[in-house]
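First comes the structure, then the notes that go with it.
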Amino acid sequence: MRHLILILGDQLDRRSAAFDGLDPRQDVLWMAEVAHESTKVWSAKARIAVFLAAMRHFAAALREEGLNVDYHAFDATTPESIADPDADTNGGMATPPSTLEARLAVTLRAQRPERVILVEPGEWSVREALRGVLDAAGIDWEERPDRHFLCSHEQFAAHARGRRQLRMEFFYREMRQWHRVLLDAAGDPEGGQWNYDVDNRGRFGAGGPGALEPPLRRPRRFTPDAITRAVLEMVEARFATHPGALNEFDWPITRAQALEALADFIEHRLERFGLYQDAIWTGEPWLFHSRLSVALNLKLLDPREVIDAAERAWRAGRAPLAAVEGFIRQVLGWREYVRGVYWQSMPDYAQRNALQASAPLPAFYWTGDTDMACLRDAIGQTLRLGHAHHIQRLMVTGLYALLLGVEPRAVHEWYLAVYVDAVEWVEMPNTLGMSQYADGGTMASKPYVASGKYIQRMSNACAGCRYDPARATGPKACPFTTLYWDFLARHETTLRTNPRMAMQLRNLARLDAEARAAIAAQASGLRER
Ligand code: FAD
Ligand code: SF4
């Protein structure tokens with residue numbers, strides 16, 4: 001064997017640098033399913049199935065091309081550890097745990113390729129572990145940059161250099177200019193503005209999205225084929241105690257399906273994506289969102305083709321500028337920005353806890369069994385489908401954990417476990433930074449805190465809830481509202497240094513000592529329950 005080329009589970013891109021210079025007669029592509037990736041956090045069944053189904057389809061497509069694939073599958077009976085045929089030279093450790101690096105070490109000892117080639121892993125600890133194994137094996141190896149992303153580590157570092165504070169908006173404007181996206185001939189932003197966020201805060205009327213004309217269409221579904229069905233059966237058997245369900249599994253897990261999903265979004269939902277981007281409606285998990293994060297994060301889709309398709313739709317008059325700009329901002333702006341923050345701040349980012357939060361994650365996050373209608377809907381949907389849209393993640397599940405004061409690491413582990421699109425480089429900054437303010441302001445300029453009234457304004461959940469979002473105390477008090485005032489009071493001194501919190505703190509100052517004491521007592525009851 002000349003080159004052993006590693007393809008990780010979130011690197012399913014035939015155009016990636018891993019394939020540069022490939023010689024099918026001498027090189028072998030190496031892919032491995034390892035149990036540890038599903039158990040290091042308590043991964044939901046749908047998340048495990050998405051990765052394995054997509055990997056198996058990718059390997060099958062490579063074999064159809066005539067490439068040599070060394071694929072290590074696991075099944076319902078594969079043990080948690082790896083049997084190492086060369087155990088004596090393995091420091092006496094006959095059965096290393098089923099991690100990626102242990103699996104690779106076994107292959108390297110058996111195959112001794114001339115050189116190992118890999119594209120930079122997306123997760124810090126995986127990158128460190130693989131580098132460690134490759135160094136220890138004494139084999140020549142080469143790590144190539146990940147061309148999927150639109151901003152390299154060097155470009156992000158250049159953007160960050162000399163800035164006291166990072167802000168997504170400034171990064172996004174640079175990205176628009178670097179990549180010439182939504183610019184006019186003079187190089188200015190189309191329409192004269194960089195950002196149309198103010199046009200993107202629509203709410204549904206009393207009839208909800210069902211009353212819209214033209215009607216809301218459900219996203220294109222992808223019925224599991226034989227390969228995927230085998231994965232679903234195996235996951236159901238092997239990970240029976242893991243959270244979530246598989247009976248509605250319909251994610252795009254091949255390149256062809258990902259392209260169909262993109263076309264479906266551009267044709268049927270992009271036009272109203274912007275307007276209803278922040279809206280929530282119970283029982284409606286998709287609304288006008290793209291549902292493309294899974295395909296993007298597995299690298300089945302390239303962000304350039306997603307951005308180009310959206311821009312083309314605007315130029316052809318098929319979607320308004322505010323919708324297209326709002327969507328492109330997510331992919332070209334937020335997605336690249338959070339990756340930049342992750343790589344710039346790891347490994348200590350994972351330990352950040354700026355607000356010193358220490359409460360445990362409520363048990364109902366794993367079951368959806370709560371009398372709070374908004375949380376019941378968001379968590380129930382998450383466990384059923386492996387998905388919730390951004391505002392549900394940020395302003396329902398994330399907000400409640402932040403207000404309650406849950407330990408950020410526990411919140412991070414939950415988000416990493418339950419969402420089908422969860423990979424650490426994007427999940428962690430969103431959770432620790434944007435949602436929990438655990439990084440003290442690297443990601444967000446202030447904590448995203450609001451009372452139950454925000455949820456009432458943006459959704460229909462409160463109408464079907466036993467609580468009243470206007471009340472902070474008493475038996476009908478909305479827990480979000482109680483905990484909102486309690487959060488402001490508990491962190492008043494820290495928040496005072498942030499001018500963007502001034503208005504919220506002025507409102508807090510209007511509460512007298514008696515009201516504050518009642519809120520504190522009610523909040524402590526919520527923490528105990
Ligand atoms: P759309 O609403 O249609 O947005 C289009 C695309 O933009 C998405 O597919 C995604 O690729 C990108 N995008 C949008 N918002 C963000 C963002 N804040 N950060 C990065 N990319 C963004 N996204 C993940 O891909 N994986 C995660 O593990 C993840 N964890 C999150 C955890 C929390 C606490 C929060 C608040 C957000 C998280 N997000 C994560 C971001 C966002 O919620 C999802 O990308 C989005 O809901 C996916 O659904 P969609 O494809 O329909 O997105
Ligand atoms: Fe959620 Fe409070 Fe509204 Fe109930 S009243 S749905 S708990 S915000």
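Letters for chains follow the order of the structure tokens (A, B, ...), residue numbers begin at 1 for each chain, and ligand numbers begin at 1 in the order shown.
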
Hey, which residues come within 6 Å of ligand 2 if we count only C-alpha atoms and all ligand atoms? Could you give them as an mmCIF file with all heavy atoms, in the first residue's frame?
```cif
data_model
loop_
_atom_site.group_PDB
_atom_site.id
_atom_site.type_symbol
_atom_site.label_atom_id
_atom_site.label_comp_id
_atom_site.auth_asym_id
_atom_site.auth_seq_id
_atom_site.Cartn_x
_atom_site.Cartn_y
_atom_site.Cartn_z
ATOM 1 N N MET A 372 -44.487 22.769 31.048
ATOM 2 C CA MET A 372 -44.256 24.030 30.332
ATOM 3 C C MET A 372 -44.444 23.753 28.834
ATOM 4 O O MET A 372 -43.647 23.019 28.225
ATOM 5 C CB MET A 372 -42.859 24.559 30.629
ATOM 6 C CG MET A 372 -42.715 25.020 32.078
ATOM 7 S SD MET A 372 -41.049 25.567 32.453
ATOM 8 C CE MET A 372 -40.321 24.078 33.108
ATOM 9 N N ALA A 373 -45.492 24.317 28.247
ATOM 10 C CA ALA A 373 -45.891 23.928 26.875
ATOM 11 C C ALA A 373 -44.782 24.181 25.852
ATOM 12 O O ALA A 373 -44.574 23.368 24.945
ATOM 13 C CB ALA A 373 -47.156 24.663 26.477
ATOM 14 N N CYS A 374 -44.066 25.300 25.972
ATOM 15 C CA CYS A 374 -43.036 25.625 24.970
ATOM 16 C C CYS A 374 -41.897 24.607 25.027
ATOM 17 O O CYS A 374 -41.420 24.131 23.985
ATOM 18 C CB CYS A 374 -42.520 27.046 25.191
ATOM 19 S SG CYS A 374 -41.914 27.339 26.866
ATOM 20 N N GLY A 452 -41.001 35.053 29.711
ATOM 21 C CA GLY A 452 -41.975 34.261 28.959
ATOM 22 C C GLY A 452 -42.728 35.098 27.930
ATOM 23 O O GLY A 452 -43.267 34.568 26.962
ATOM 24 N N ILE A 455 -41.574 34.545 24.405
ATOM 25 C CA ILE A 455 -42.087 33.296 23.802
ATOM 26 C C ILE A 455 -43.552 33.485 23.413
ATOM 27 O O ILE A 455 -43.992 33.042 22.353
ATOM 28 C CB ILE A 455 -41.865 32.114 24.772
ATOM 29 C CG1 ILE A 455 -40.351 31.890 24.933
ATOM 30 C CG2 ILE A 455 -42.563 30.847 24.291
ATOM 31 C CD1 ILE A 455 -39.953 30.903 26.003
ATOM 32 N N GLN A 456 -44.294 34.202 24.249
ATOM 33 C CA GLN A 456 -45.703 34.479 23.919
ATOM 34 C C GLN A 456 -45.804 35.278 22.609
ATOM 35 O O GLN A 456 -46.649 35.009 21.763
ATOM 36 C CB GLN A 456 -46.348 35.270 25.053
ATOM 37 C CG GLN A 456 -47.822 35.527 24.827
ATOM 38 C CD GLN A 456 -48.412 36.391 25.930
ATOM 39 O OE1 GLN A 456 -47.758 37.310 26.434
ATOM 40 N NE2 GLN A 456 -49.629 36.089 26.323
ATOM 41 N N ALA A 461 -47.370 28.976 21.891
ATOM 42 C CA ALA A 461 -47.255 27.986 22.973
ATOM 43 C C ALA A 461 -47.998 28.401 24.240
ATOM 44 O O ALA A 461 -48.643 27.573 24.901
ATOM 45 C CB ALA A 461 -45.774 27.742 23.292
ATOM 46 N N CYS A 462 -47.924 29.684 24.581
ATOM 47 C CA CYS A 462 -48.481 30.112 25.868
ATOM 48 C C CYS A 462 -49.998 29.938 25.924
ATOM 49 O O CYS A 462 -50.568 29.726 27.001
ATOM 50 C CB CYS A 462 -48.105 31.564 26.155
ATOM 51 S SG CYS A 462 -46.321 31.827 26.116
ATOM 52 N N CYS A 465 -50.864 26.707 27.610
ATOM 53 C CA CYS A 465 -50.009 26.386 28.772
ATOM 54 C C CYS A 465 -50.730 26.711 30.071
ATOM 55 O O CYS A 465 -51.523 27.649 30.126
ATOM 56 C CB CYS A 465 -48.716 27.192 28.673
ATOM 57 S SG CYS A 465 -47.512 26.780 29.946
ATOM 58 N N TYR A 467 -49.375 27.992 32.560
ATOM 59 C CA TYR A 467 -48.750 29.173 33.167
ATOM 60 C C TYR A 467 -49.102 30.440 32.416
ATOM 61 O O TYR A 467 -49.554 30.403 31.266
ATOM 62 C CB TYR A 467 -47.227 28.998 33.192
ATOM 63 C CG TYR A 467 -46.775 27.818 34.020
ATOM 64 C CD1 TYR A 467 -46.205 26.702 33.416
ATOM 65 C CD2 TYR A 467 -46.947 27.820 35.398
ATOM 66 C CE1 TYR A 467 -45.797 25.609 34.165
ATOM 67 C CE2 TYR A 467 -46.546 26.729 36.159
ATOM 68 C CZ TYR A 467 -45.965 25.624 35.541
ATOM 69 O OH TYR A 467 -45.579 24.554 36.287
ATOM 70 N N ASP A 468 -48.855 31.576 33.086
ATOM 71 C CA ASP A 468 -49.154 32.884 32.493
ATOM 72 C C ASP A 468 -47.840 33.658 32.339
ATOM 73 O O ASP A 468 -47.191 33.995 33.339
ATOM 74 C CB ASP A 468 -50.121 33.622 33.444
ATOM 75 C CG ASP A 468 -50.444 35.019 32.947
ATOM 76 O OD1 ASP A 468 -49.841 35.462 31.948
ATOM 77 O OD2 ASP A 468 -51.301 35.667 33.578
ATOM 78 N N PRO A 469 -47.445 33.954 31.085
ATOM 79 C CA PRO A 469 -46.127 34.578 30.886
ATOM 80 C C PRO A 469 -46.018 35.979 31.501
ATOM 81 O O PRO A 469 -44.912 36.502 31.659
ATOM 82 C CB PRO A 469 -45.995 34.653 29.356
ATOM 83 C CG PRO A 469 -47.373 34.535 28.827
ATOM 84 C CD PRO A 469 -48.145 33.708 29.818
ATOM 85 N N CYS A 478 -45.218 32.063 35.148
ATOM 86 C CA CYS A 478 -44.445 31.356 34.116
ATOM 87 C C CYS A 478 -43.009 31.193 34.619
ATOM 88 O O CYS A 478 -42.358 32.187 34.987
ATOM 89 C CB CYS A 478 -44.468 32.175 32.831
ATOM 90 S SG CYS A 478 -43.200 31.685 31.661
ATOM 91 N N PRO A 479 -42.472 29.980 34.629
ATOM 92 C CA PRO A 479 -41.100 29.778 35.130
ATOM 93 C C PRO A 479 -40.065 30.613 34.380
ATOM 94 O O PRO A 479 -39.082 31.057 34.972
ATOM 95 C CB PRO A 479 -40.878 28.280 34.925
ATOM 96 C CG PRO A 479 -42.256 27.694 35.001
ATOM 97 C CD PRO A 479 -43.148 28.706 34.358
ATOM 98 N N PHE A 480 -40.279 30.857 33.086
ATOM 99 C CA PHE A 480 -39.334 31.703 32.344
ATOM 100 C C PHE A 480 -39.326 33.121 32.919
ATOM 101 O O PHE A 480 -38.276 33.744 33.063
ATOM 102 C CB PHE A 480 -39.722 31.779 30.857
ATOM 103 C CG PHE A 480 -39.308 30.580 30.055
ATOM 104 C CD1 PHE A 480 -40.091 29.441 30.027
ATOM 105 C CD2 PHE A 480 -38.137 30.596 29.314
ATOM 106 C CE1 PHE A 480 -39.716 28.337 29.272
ATOM 107 C CE2 PHE A 480 -37.749 29.490 28.557
ATOM 108 C CZ PHE A 480 -38.538 28.358 28.540
#
```

I'd like the contact shell of Trp314 of chain A - 12 Å cut-off, only C-alpha atoms, skipping same-chain residues fewer than 2 positions apart - returned as a PyMOL selection string. chain A and resi 181-182+190-191+266-267+270-271+307-312+316-328

At most 7 Å from ligand 1 (only C-alpha atoms and all ligand atoms): residue list as JSON, numbers by chain: {"A": [277, 286, 289, 290, 291, 292, 293, 294, 296, 297, 327, 330, 331, 334, 335, 338, 388, 389, 390, 391, 393, 394, 398, 415, 416, 419, 421, 422, 423, 424, 426, 427, 430, 431, 434, 435]}

Which of these residues is nearest to Ala206 of chain A, using only C-alpha atoms: A:Glu37, A:Trp281, A:Asp13, A:Gly340? A:Trp281

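Going from atom CA of Val420 of chain A over to atom CA of Phe249 of chain A, you cover 10.4 Å.
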
DSSP-assigned alpha helix (DSSP H) members of segment 51-188 of chain A, reported as a PyMOL selection string: chain A and resi 51-64+100-111+124-137+153-160+168-179

Across A:Asp486, A:Asp278, A:Asp27, A:Glu123, the smallest distance to Asp199 of chain A, with only C-alpha atoms counted, is shown by A:Asp278

Which of A:Gly283, A:Pro24, A:Pro209, A:Gly138 sits closest to Arg115 of chain A [using only C-alpha atoms]: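 Closest to Arg115 of chain A of all the choices is A:Gly138.
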
Among segment 267-478 of chain A, which residues carry a DSSP assignment of strand (DSSP E or B), reported as a list of chain:residue names?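 Restricting segment 267-478 of chain A to strand (DSSP E or B) produces A:Ala359, A:Val406, A:Asp468, A:Ala477.
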
Write the residues of the selection above to a file with C-alpha atoms, as a PDB file, in the first residue's frame.
```pdb
ATOM      1  CA  ALA A 359     -27.291  23.627  38.538  1.00  0.00           C
ATOM      2  CA  VAL A 406     -27.397  25.037  34.518  1.00  0.00           C
ATOM      3  CA  ASP A 468     -49.154  32.884  32.493  1.00  0.00           C
ATOM      4  CA  ALA A 477     -46.321  32.290  37.301  1.00  0.00           C
TER       5      ALA A 477
END
```

Best match for closeness to Arg516 of chain A among A:Leu483, A:Ala245, A:Val34, A:Val341, counting only C-alpha atoms: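 The closest residue to Arg516 of chain A is A:Leu483.
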
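Minimum distance to Val119 of chain A across A:Met503, A:Leu6, A:Ile227, A:Met168 (counting only C-alpha atoms) occurs at A:Leu6.
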
For Leu100 of chain A, which residue among A:Gly210, A:Gly66, A:Pro447, A:Pro121 is the nearest when counting only C-alpha atoms? A:Pro121
